[in-house]
file start-v8.cif (mmCIF, C-alpha atoms)
data_coords
loop_
_atom_site.label_atom_id
_atom_site.label_comp_id
_atom_site.auth_asym_id
_atom_site.auth_seq_id
_atom_site.Cartn_x
_atom_site.Cartn_y
_atom_site.Cartn_z
CA HIS A 1 -14.45 -1.33 14.82
CA SER A 2 -16.60 1.51 16.11
CA ASP A 3 -20.04 2.52 14.90
CA ASN A 4 -19.26 5.96 16.34
CA ALA A 5 -16.58 6.62 13.70
CA PRO A 6 -16.99 6.73 9.92
CA GLN A 7 -17.12 3.28 8.34
CA ALA A 8 -14.29 2.27 6.01
CA ILE A 9 -14.92 3.61 2.51
CA GLY A 10 -12.45 1.30 0.81
CA THR A 11 -9.94 -1.44 1.39
CA TYR A 12 -8.87 -0.57 4.92
CA SER A 13 -9.87 -1.14 8.54
CA GLN A 14 -10.58 1.56 11.11
CA ALA A 15 -7.87 0.08 13.33
CA VAL A 16 -5.93 -3.14 13.78
CA SER A 17 -5.01 -4.46 17.22
CA VAL A 18 -2.15 -6.89 17.69
CA VAL A 19 -1.33 -8.59 20.97
CA ALA A 20 1.86 -10.51 20.15
CA GLY A 21 4.28 -10.99 17.31
CA THR A 22 7.18 -9.43 15.52
CA THR A 23 6.79 -5.93 14.13
CA VAL A 24 8.44 -5.11 10.81
CA TYR A 25 8.53 -1.57 9.45
CA LEU A 26 8.58 -1.54 5.65
CA SER A 27 10.23 1.42 4.00
CA GLY A 28 8.48 3.32 1.26
CA GLN A 29 8.29 1.55 -2.07
CA ILE A 30 7.95 3.30 -5.41
CA PRO A 31 7.09 1.46 -8.65
CA LEU A 32 10.60 0.44 -9.64
CA ILE A 33 11.15 -2.88 -11.38
CA PRO A 34 13.72 -4.61 -9.12
CA SER A 35 15.74 -6.19 -11.93
CA THR A 36 16.24 -2.92 -13.84
CA MET A 37 15.59 -0.24 -11.18
CA GLU A 38 13.53 1.55 -13.83
CA MET A 39 9.99 2.87 -13.37
CA VAL A 40 7.40 0.30 -14.47
CA SER A 41 5.53 2.81 -16.68
CA LYS A 42 3.73 6.14 -16.43
CA ASN A 43 0.35 4.35 -16.06
CA ILE A 44 -0.96 4.81 -12.50
CA GLU A 45 -2.52 1.33 -12.30
CA ASP A 46 0.75 -0.29 -13.39
CA GLN A 47 2.57 1.78 -10.80
CA ILE A 48 0.17 0.80 -8.01
CA LYS A 49 0.51 -2.89 -8.93
CA GLN A 50 4.31 -2.64 -8.94
CA VAL A 51 4.34 -0.98 -5.53
CA PHE A 52 2.21 -3.82 -4.11
CA GLU A 53 4.51 -6.38 -5.76
CA ASN A 54 7.52 -4.66 -4.21
CA LEU A 55 5.88 -4.55 -0.78
CA LYS A 56 4.91 -8.22 -1.15
CA SER A 57 8.53 -9.15 -1.87
CA VAL A 58 9.76 -7.30 1.22
CA CYS A 59 7.04 -8.95 3.34
CA ILE A 60 8.02 -12.41 2.13
CA ALA A 61 11.72 -11.72 2.71
CA SER A 62 10.80 -10.67 6.27
CA GLY A 63 8.88 -13.89 6.94
CA GLY A 64 5.37 -12.57 6.34
CA ASN A 65 2.96 -11.61 3.57
CA LEU A 66 0.81 -8.66 2.56
CA ASN A 67 -2.03 -9.78 4.82
CA ASP A 68 0.30 -9.35 7.82
CA ILE A 69 0.38 -5.60 7.16
CA VAL A 70 -1.49 -3.78 9.90
CA LYS A 71 -0.86 -0.18 8.74
CA LEU A 72 -0.42 1.06 5.19
CA ASN A 73 0.44 4.62 4.17
CA VAL A 74 -0.27 5.64 0.58
CA PHE A 75 1.27 8.76 -0.96
CA LEU A 76 -0.20 9.99 -4.24
CA THR A 77 0.78 12.92 -6.43
CA ASP A 78 -2.85 13.08 -7.60
CA LEU A 79 -5.59 12.13 -5.14
CA THR A 80 -8.04 11.55 -7.99
CA ASN A 81 -6.18 8.23 -8.38
CA PHE A 82 -7.28 7.12 -4.91
CA SER A 83 -10.13 4.97 -6.26
CA LYS A 84 -7.59 3.09 -8.40
CA VAL A 85 -5.60 2.31 -5.25
CA ASN A 86 -8.77 0.79 -3.74
CA ASP A 87 -9.45 -1.25 -6.89
CA VAL A 88 -5.93 -2.67 -7.09
CA MET A 89 -5.58 -3.13 -3.32
CA ALA A 90 -8.68 -5.33 -3.24
CA ARG A 91 -6.81 -7.80 -5.48
CA TYR A 92 -3.84 -8.01 -3.11
CA PHE A 93 -5.39 -8.01 0.38
CA ASP A 94 -7.98 -10.06 2.24
CA GLU A 95 -10.27 -8.72 4.95
CA PRO A 96 -9.73 -7.48 7.54
CA TYR A 97 -7.86 -4.82 5.61
CA PRO A 98 -5.04 -2.91 7.28
CA ALA A 99 -5.52 0.50 8.82
CA ARG A 100 -4.59 3.01 6.14
CA ALA A 101 -3.87 6.63 5.38
CA ALA A 102 -3.76 8.30 1.97
CA VAL A 103 -1.88 11.54 1.52
CA GLY A 104 -1.70 13.84 -1.48
CA ILE A 105 1.79 15.20 -2.04
CA LYS A 106 3.52 17.38 -4.60
CA GLU A 107 6.14 14.93 -5.87
CA LEU A 108 7.89 11.63 -5.23
CA PRO A 109 11.36 10.26 -6.03
CA ARG A 110 12.02 9.54 -9.71
CA ALA A 111 8.72 11.20 -10.65
CA ALA A 112 6.72 8.24 -9.31
CA LEU A 113 2.97 8.75 -9.04
CA VAL A 114 2.59 6.58 -5.92
CA GLU A 115 4.62 5.42 -2.94
CA MET A 116 3.59 3.22 -0.02
CA ASP A 117 5.14 2.20 3.26
CA ALA A 118 3.76 -0.18 5.85
CA VAL A 119 3.95 -1.76 9.27
CA MET A 120 3.69 -5.56 9.34
CA VAL A 121 3.18 -7.77 12.38
CA ILE A 122 4.10 -11.42 12.06
CA SER A 123 2.39 -13.56 14.70
#
call {"tool": "encode", "arguments": {"input": "start-v8.cif", "output": "C-alpha cells"}}
result
Amino acid sequence: HSDNAPQAIGTYSQAVSVVAGTTVYLSGQIPLIPSTMEMVSKNIEDQIKQVFENLKSVCIASGGNLNDIVKLNVFLTDLTNFSKVNDVMARYFDEPYPARAAVGIKELPRAALVEMDAVMVIS
C-alpha cells in the first residue's frame, strides 16, 4: 500500500506481495456453464457470477481458493459494466483484494460480455 498512489476504488489491492508458495496461472474464463458449455445468459451480472464460479472451480482443483488469487485481469466488452464487477466481486472475495486490471475490449469468444484470468499463489 502506498499513500503516494491512488487508493483502490473497488474490490482490488494496489499490489500483493508473496514471499513463498506455489504460483498457479489461471486461464481466461468466460461465462460458460460447465455441464452444457453454453453461455449462462445475456445478463451481465449472471455472466460475472458464472465467471467467478468457473474461476473458483479451477482454484479449488488447483488446491487453492479465490482468496489465493493475487492478480485478476477483467476484460469487458462494455466498461460501463465495471461497477457490476465490483458489486459481484465483493461477494466472492475477502480483503485484502487481489491486484486487478480492467480492460475494455471489442469482443470476446462466443459473444461473452466478460472474461477474467488470474494468478493464484498457494502458500
call {"tool": "resolve_selection", "arguments": {"input": "start-v8.cif", "expression": "the PyMOL selection byres ((chain A and resi 27-33) around 8)", "output": "PyMOL selection string"}}
result
chain A and resi 25-26+34-40+47-51+54-55+109+112+114-118
call {"tool": "resolve_selection", "arguments": {"input": "start-v8.cif", "expression": "the PyMOL selection byres ((chain A and resi 85) around 9)", "output": "PyMOL selection string"}}
result
chain A and resi 11+44-45+48-49+74+81-84+86-90
call {"tool": "write_last_selection", "arguments": {"input": "start-v8.cif", "atoms": "C-alpha atoms", "output": "PDB file, in the coordinates of the input"}}
result
ATOM      1  CA  THR A  11      -9.940  -1.440   1.390  1.00  0.00           C
ATOM      2  CA  ILE A  44      -0.960   4.810 -12.500  1.00  0.00           C
ATOM      3  CA  GLU A  45      -2.520   1.330 -12.300  1.00  0.00           C
ATOM      4  CA  ILE A  48       0.170   0.800  -8.010  1.00  0.00           C
ATOM      5  CA  LYS A  49       0.510  -2.890  -8.930  1.00  0.00           C
ATOM      6  CA  VAL A  74      -0.270   5.640   0.580  1.00  0.00           C
ATOM      7  CA  ASN A  81      -6.180   8.230  -8.380  1.00  0.00           C
ATOM      8  CA  PHE A  82      -7.280   7.120  -4.910  1.00  0.00           C
ATOM      9  CA  SER A  83     -10.130   4.970  -6.260  1.00  0.00           C
ATOM     10  CA  LYS A  84      -7.590   3.090  -8.400  1.00  0.00           C
ATOM     11  CA  ASN A  86      -8.770   0.790  -3.740  1.00  0.00           C
ATOM     12  CA  ASP A  87      -9.450  -1.250  -6.890  1.00  0.00           C
ATOM     13  CA  VAL A  88      -5.930  -2.670  -7.090  1.00  0.00           C
ATOM     14  CA  MET A  89      -5.580  -3.130  -3.320  1.00  0.00           C
ATOM     15  CA  ALA A  90      -8.680  -5.330  -3.240  1.00  0.00           C
TER      16      ALA A  90
END
call {"tool": "closest_residue", "arguments": {"input": "start-v8.cif", "among": "A:Ser123, A:Phe52, A:Val58, A:Asn65", "to": "Arg91 (chain A)", "atoms": "all atoms listed in the file"}}
result
A:Phe52
call {"tool": "atom_distance", "arguments": {"input": "start-v8.cif", "atom1": "CA of Ile122 (chain A)", "atom2": "CA of Gly63 (chain A)"}}
result
7.4 Å
call {"tool": "closest_residue", "arguments": {"input": "start-v8.cif", "among": "A:Asp46, A:Asp94, A:Asp3, A:Glu53", "to": "Val70 (chain A)", "atoms": "only C-alpha atoms"}}
result
A:Asp94
call {"tool": "axis_aligned_box", "arguments": {"input": "start-v8.cif", "around": "region 51-55 of chain A", "padding_each_side": "6 Å", "output": "JSON"}}
result
{"center_x": 4.9, "center_y": -3.7, "center_z": -3.3, "size_x": 17.3, "size_y": 17.4, "size_z": 17.0}
call {"tool": "atom_distance", "arguments": {"input": "start-v8.cif", "atom1": "CA of Asn43 (chain A)", "atom2": "CA of Tyr12 (chain A)"}}
result
23.4 Å
call {"tool": "resolve_selection", "arguments": {"input": "start-v8.cif", "expression": "the PyMOL selection byres ((chain A and resi 69) around 9)", "output": "PDB file with C-alpha atoms, keeping the file's coordinate frame"}}
result
ATOM      1  CA  VAL A  24       8.440  -5.110  10.810  1.00  0.00           C
ATOM      2  CA  CYS A  59       7.040  -8.950   3.340  1.00  0.00           C
ATOM      3  CA  GLY A  64       5.370 -12.570   6.340  1.00  0.00           C
ATOM      4  CA  ASN A  65       2.960 -11.610   3.570  1.00  0.00           C
ATOM      5  CA  LEU A  66       0.810  -8.660   2.560  1.00  0.00           C
ATOM      6  CA  ASN A  67      -2.030  -9.780   4.820  1.00  0.00           C
ATOM      7  CA  ASP A  68       0.300  -9.350   7.820  1.00  0.00           C
ATOM      8  CA  VAL A  70      -1.490  -3.780   9.900  1.00  0.00           C
ATOM      9  CA  LYS A  71      -0.860  -0.180   8.740  1.00  0.00           C
ATOM     10  CA  LEU A  72      -0.420   1.060   5.190  1.00  0.00           C
ATOM     11  CA  TYR A  97      -7.860  -4.820   5.610  1.00  0.00           C
ATOM     12  CA  PRO A  98      -5.040  -2.910   7.280  1.00  0.00           C
ATOM     13  CA  ALA A  99      -5.520   0.500   8.820  1.00  0.00           C
ATOM     14  CA  ALA A 118       3.760  -0.180   5.850  1.00  0.00           C
ATOM     15  CA  VAL A 119       3.950  -1.760   9.270  1.00  0.00           C
ATOM     16  CA  MET A 120       3.690  -5.560   9.340  1.00  0.00           C
ATOM     17  CA  VAL A 121       3.180  -7.770  12.380  1.00  0.00           C
ATOM     18  CA  ILE A 122       4.100 -11.420  12.060  1.00  0.00           C
TER      19      ILE A 122
END
call {"tool": "closest_residue", "arguments": {"input": "start-v8.cif", "among": "A:Ser62, A:Val103, A:Leu113, A:Gly10", "to": "Thr23 (chain A)", "atoms": "all atoms listed in the file"}}
result
A:Ser62
call {"tool": "atom_distance", "arguments": {"input": "start-v8.cif", "atom1": "CA of Gly21 (chain A)", "atom2": "CA of Asn4 (chain A)"}}
result
29.0 Å
call {"tool": "residues_near_point", "arguments": {"input": "start-v8.cif", "point": "(-1.5, 15.5, -5.9)", "cutoff": "6 Å", "atoms": "all atoms listed in the file", "output": "list in words"}}
result
Leu76, Thr77, Asp78, Leu79, Gly104, Ile105 and Lys106 of chain A
